[in-house]
Amino acid sequence: MKKILKTPVSAEDLRNIKIGDVIYLDGHIVTCRDVAHRRLIEYRRELPVDLRGGAILHAGPIVRKIEGREGKYEMVSVGPTTSMRMEKFEKEFIEKTGVKIIVGKGGMGPNTEAGCRENKAIHCVFPAGCAVIAATTVEEIEGAYWTDLGMPETLWVCRVKEFGPLIVSIDAAGNNLFEQNKIIFNKRKDEALNELYTKVKFIK
């Protein structure tokens, strides 16, 4: 059975969700990446979107105008961008906005771990290479803010249905799937190398 969260999300909704879980999202998600983070944190500009209990997507989507409908757009492609680019901003971003779900590509570090742990939020990974599939889960683009930043950096407010799959990489307790996997994989690598060295020692 699919585990589906619906925005707005509460801390209680996230209590039993652990790293490695696969979830889907109903409700709304807002594309929000580098420049929007910088405007909020460094330039102290208030976001034009209320993210309390909401979700953001680290992505620079491709959208197109809908002919005959002024100010309306449709999603063409919305692939995740590398989340680590937002690492230095994310803890303060979570604190200031009340966002509960952050979605992107790849892992994030200790700053985001602390933000998730202290504010009961999660970070999830959307599989790379599935940007067009992701776009099919966007039922409607309901708003566009900070369009002066250009298409990739605009805050696109998307109503989504079963957006995912999303792999939980940092849970609300601050556990980090990528960092835990590094320990496991490095141990396996060392064991494999030690075995390999016994077979090729004649080369030295």
# chains A, B, ... in the order shown; residues from 1 in each chain; ligands from 1

$ residues_around --residues "region 161-174 of chain A" --least-positions-apart "5" --cutoff "7 Å" --atoms "only C-alpha atoms" --output "PyMOL selection string"
chain A and resi 4+14-15+17-27+107+113-114+116-117+120-126+134+137-139

$ select_by_dssp --residues "region 38-202 of chain A" --states "helix (DSSP H, G or I)" --output "PDB file with C-alpha atoms, in the first residue's frame"
ATOM      1  CA  ARG A  38      19.318  33.287  -0.851  1.00  0.00           C
ATOM      2  CA  ARG A  39      16.626  35.968  -1.035  1.00  0.00           C
ATOM      3  CA  LEU A  40      15.027  34.709   2.160  1.00  0.00           C
ATOM      4  CA  ILE A  41      18.173  34.006   4.180  1.00  0.00           C
ATOM      5  CA  SER A  83      19.971  19.472  -2.964  1.00  0.00           C
ATOM      6  CA  MET A  84      23.459  19.957  -1.536  1.00  0.00           C
ATOM      7  CA  ARG A  85      23.558  23.357  -3.233  1.00  0.00           C
ATOM      8  CA  MET A  86      21.008  24.515  -0.644  1.00  0.00           C
ATOM      9  CA  GLU A  87      22.764  22.919   2.336  1.00  0.00           C
ATOM     10  CA  LYS A  88      24.151  26.159   3.801  1.00  0.00           C
ATOM     11  CA  PHE A  89      20.679  27.735   3.772  1.00  0.00           C
ATOM     12  CA  GLU A  90      18.375  24.842   4.618  1.00  0.00           C
ATOM     13  CA  LYS A  91      18.383  24.825   8.420  1.00  0.00           C
ATOM     14  CA  GLU A  92      17.462  28.488   8.647  1.00  0.00           C
ATOM     15  CA  PHE A  93      15.046  28.102   5.736  1.00  0.00           C
ATOM     16  CA  ILE A  94      13.174  25.354   7.593  1.00  0.00           C
ATOM     17  CA  GLU A  95      13.082  27.435  10.778  1.00  0.00           C
ATOM     18  CA  LYS A  96      11.795  30.557   9.043  1.00  0.00           C
ATOM     19  CA  THR A  97       9.196  28.980   6.751  1.00  0.00           C
ATOM     20  CA  PRO A 110      24.561  18.126   8.960  1.00  0.00           C
ATOM     21  CA  ASN A 111      22.980  21.562   8.621  1.00  0.00           C
ATOM     22  CA  THR A 112      19.832  20.056   7.113  1.00  0.00           C
ATOM     23  CA  GLU A 113      19.923  17.130   9.546  1.00  0.00           C
ATOM     24  CA  ALA A 114      19.762  19.637  12.426  1.00  0.00           C
ATOM     25  CA  GLY A 115      16.977  21.608  10.756  1.00  0.00           C
ATOM     26  CA  CYS A 116      14.895  18.469  10.270  1.00  0.00           C
ATOM     27  CA  ARG A 117      15.538  17.197  13.789  1.00  0.00           C
ATOM     28  CA  GLU A 118      14.805  20.492  15.557  1.00  0.00           C
ATOM     29  CA  ASN A 119      11.749  21.399  13.466  1.00  0.00           C
ATOM     30  CA  ALA A 131      11.416  14.727 -14.910  1.00  0.00           C
ATOM     31  CA  VAL A 132       8.692  14.134 -17.490  1.00  0.00           C
ATOM     32  CA  ILE A 133       7.041  11.473 -15.332  1.00  0.00           C
ATOM     33  CA  ALA A 134       7.097  13.887 -12.397  1.00  0.00           C
ATOM     34  CA  ALA A 135       5.352  16.490 -14.541  1.00  0.00           C
ATOM     35  CA  THR A 136       2.419  14.118 -15.103  1.00  0.00           C
ATOM     36  CA  THR A 147       9.059  35.419 -12.092  1.00  0.00           C
ATOM     37  CA  ASP A 148      11.750  38.084 -12.452  1.00  0.00           C
ATOM     38  CA  LEU A 149      14.226  35.339 -11.579  1.00  0.00           C
ATOM     39  CA  LEU A 177      20.336   7.639   4.929  1.00  0.00           C
ATOM     40  CA  PHE A 178      23.223   8.800   2.727  1.00  0.00           C
ATOM     41  CA  GLU A 179      25.620   9.190   5.640  1.00  0.00           C
ATOM     42  CA  GLN A 180      24.655   5.829   7.139  1.00  0.00           C
ATOM     43  CA  ASN A 181      25.092   4.156   3.756  1.00  0.00           C
ATOM     44  CA  LYS A 182      28.568   5.694   3.399  1.00  0.00           C
ATOM     45  CA  ILE A 183      29.679   3.848   6.545  1.00  0.00           C
ATOM     46  CA  ILE A 184      28.261   0.544   5.281  1.00  0.00           C
ATOM     47  CA  PHE A 185      29.642   0.937   1.753  1.00  0.00           C
ATOM     48  CA  ASN A 186      33.102   1.996   2.951  1.00  0.00           C
ATOM     49  CA  LYS A 187      33.278  -1.066   5.209  1.00  0.00           C
ATOM     50  CA  ARG A 188      32.325  -3.322   2.287  1.00  0.00           C
ATOM     51  CA  LYS A 189      34.863  -1.559   0.067  1.00  0.00           C
ATOM     52  CA  ASP A 190      37.672  -2.055   2.573  1.00  0.00           C
ATOM     53  CA  GLU A 191      36.800  -5.726   2.965  1.00  0.00           C
ATOM     54  CA  ALA A 192      36.727  -6.211  -0.815  1.00  0.00           C
ATOM     55  CA  LEU A 193      40.040  -4.402  -1.287  1.00  0.00           C
ATOM     56  CA  ASN A 194      41.742  -6.439   1.441  1.00  0.00           C
ATOM     57  CA  GLU A 195      40.660  -9.627  -0.305  1.00  0.00           C
ATOM     58  CA  LEU A 196      41.740  -8.284  -3.690  1.00  0.00           C
ATOM     59  CA  TYR A 197      45.192  -7.278  -2.460  1.00  0.00           C
ATOM     60  CA  THR A 198      45.961 -10.892  -1.485  1.00  0.00           C
ATOM     61  CA  LYS A 199      45.313 -11.952  -5.073  1.00  0.00           C
ATOM     62  CA  VAL A 200      47.432  -9.280  -6.783  1.00  0.00           C
ATOM     63  CA  LYS A 201      50.286  -8.845  -4.316  1.00  0.00           C
ATOM     64  CA  PHE A 202      52.659 -10.312  -6.901  1.00  0.00           C
TER      65      PHE A 202
END

$ atom_distance --atom1 "CA of Leu5 (chain A)" --atom2 "CA of Val49 (chain A)"
20.0 Å

$ closest_residue --among "A:Met75, A:Met151, A:Ile29, A:Ile141" --to "Leu51 (chain A)" --atoms "only C-alpha atoms"
A:Ile29

$ atom_distance --atom1 "CA of Glu70 (chain A)" --atom2 "CA of Ala144 (chain A)"
12.5 Å

$ select_by_dssp --residues "region 16-122 of chain A" --states "strand (DSSP E)" --output "list in words"
Val22, Ile23, Tyr24, Leu25, Asp26, Gly27, His28, Ile29, Val30, Thr31, Ala55, Ile56, Leu57, Ile62, Val63, Arg64, Lys65, Tyr73, Glu74, Met75, Val76, Ser77, Ile101, Ile102, Val103, Gly104 and Ile122 of chain A

$ residues_around --residues "Lys100 (chain A)" --least-positions-apart "5" --cutoff "6 Å" --atoms "only C-alpha atoms" --output "list in words"
Gly53, Gly54, Ala55 and Ala121 of chain A

$ atom_distance --atom1 "CA of Asn175 (chain A)" --atom2 "CA of Gly109 (chain A)"
10.5 Å

$ decode --residues "region 74-85 of chain A" --atoms "all heavy atoms" --output "short mmCIF file (atom, residue, chain, number, x, y, z; two decimals), in the first residue's frame"
data_model
loop_
_atom_site.label_atom_id
_atom_site.label_comp_id
_atom_site.auth_asym_id
_atom_site.auth_seq_id
_atom_site.Cartn_x
_atom_site.Cartn_y
_atom_site.Cartn_z
N GLU A 74 1.38 25.26 -17.82
CA GLU A 74 1.35 23.83 -17.60
C GLU A 74 2.78 23.32 -17.46
O GLU A 74 3.72 23.88 -18.04
CB GLU A 74 0.62 23.11 -18.73
CG GLU A 74 1.25 23.25 -20.09
CD GLU A 74 0.46 22.52 -21.16
OE1 GLU A 74 -0.32 21.61 -20.81
OE2 GLU A 74 0.62 22.86 -22.35
N MET A 75 2.92 22.26 -16.69
CA MET A 75 4.24 21.70 -16.42
C MET A 75 4.64 20.76 -17.55
O MET A 75 3.89 19.87 -17.92
CB MET A 75 4.23 20.94 -15.09
CG MET A 75 5.59 20.52 -14.61
SD MET A 75 6.67 21.92 -14.23
CE MET A 75 5.87 22.58 -12.76
N VAL A 76 5.84 20.97 -18.08
CA VAL A 76 6.38 20.11 -19.14
C VAL A 76 7.35 19.10 -18.56
O VAL A 76 7.29 17.91 -18.86
CB VAL A 76 7.08 20.96 -20.22
CG1 VAL A 76 7.71 20.05 -21.28
CG2 VAL A 76 6.11 21.94 -20.85
N SER A 77 8.24 19.58 -17.71
CA SER A 77 9.27 18.73 -17.12
C SER A 77 9.69 19.33 -15.78
O SER A 77 9.89 20.54 -15.68
CB SER A 77 10.47 18.66 -18.07
OG SER A 77 11.54 17.96 -17.48
N VAL A 78 9.83 18.48 -14.76
CA VAL A 78 10.22 19.01 -13.44
C VAL A 78 11.12 18.01 -12.72
O VAL A 78 10.69 17.28 -11.84
CB VAL A 78 8.98 19.41 -12.60
CG1 VAL A 78 8.02 18.25 -12.40
CG2 VAL A 78 9.39 20.05 -11.28
N GLY A 79 12.38 18.01 -13.13
CA GLY A 79 13.35 17.11 -12.52
C GLY A 79 14.05 17.79 -11.35
O GLY A 79 14.25 19.00 -11.35
N PRO A 80 14.42 17.02 -10.34
CA PRO A 80 15.06 17.60 -9.16
C PRO A 80 16.48 18.08 -9.47
O PRO A 80 17.16 17.53 -10.33
CB PRO A 80 15.09 16.43 -8.17
CG PRO A 80 15.16 15.22 -9.04
CD PRO A 80 14.32 15.55 -10.25
N THR A 81 16.90 19.13 -8.78
CA THR A 81 18.28 19.60 -8.86
C THR A 81 19.02 19.18 -7.60
O THR A 81 18.40 18.75 -6.63
CB THR A 81 18.33 21.12 -9.06
OG1 THR A 81 19.61 21.50 -9.54
CG2 THR A 81 18.02 21.86 -7.77
N THR A 82 20.34 19.29 -7.61
CA THR A 82 21.16 18.80 -6.51
C THR A 82 20.87 19.56 -5.21
O THR A 82 21.12 20.76 -5.11
CB THR A 82 22.65 18.93 -6.87
OG1 THR A 82 22.90 18.22 -8.08
CG2 THR A 82 23.53 18.38 -5.76
N SER A 83 20.38 18.84 -4.22
CA SER A 83 19.97 19.47 -2.96
C SER A 83 21.13 20.07 -2.19
O SER A 83 20.97 21.05 -1.46
CB SER A 83 19.24 18.45 -2.09
OG SER A 83 17.94 18.21 -2.55
N MET A 84 22.32 19.49 -2.32
CA MET A 84 23.46 19.96 -1.54
C MET A 84 23.77 21.42 -1.80
O MET A 84 24.38 22.10 -0.96
CB MET A 84 24.68 19.08 -1.82
CG MET A 84 25.84 19.30 -0.86
SD MET A 84 25.41 19.01 0.89
CE MET A 84 25.46 17.21 0.95
N ARG A 85 23.33 21.94 -2.95
CA ARG A 85 23.56 23.36 -3.23
C ARG A 85 22.84 24.25 -2.22
O ARG A 85 23.23 25.39 -1.99
CB ARG A 85 23.07 23.70 -4.65
CG ARG A 85 23.78 22.96 -5.76
CD ARG A 85 23.95 23.83 -6.99
NE ARG A 85 22.73 24.47 -7.40
CZ ARG A 85 21.91 24.02 -8.36
NH1 ARG A 85 22.19 22.88 -8.97
NH2 ARG A 85 20.84 24.68 -8.71
#
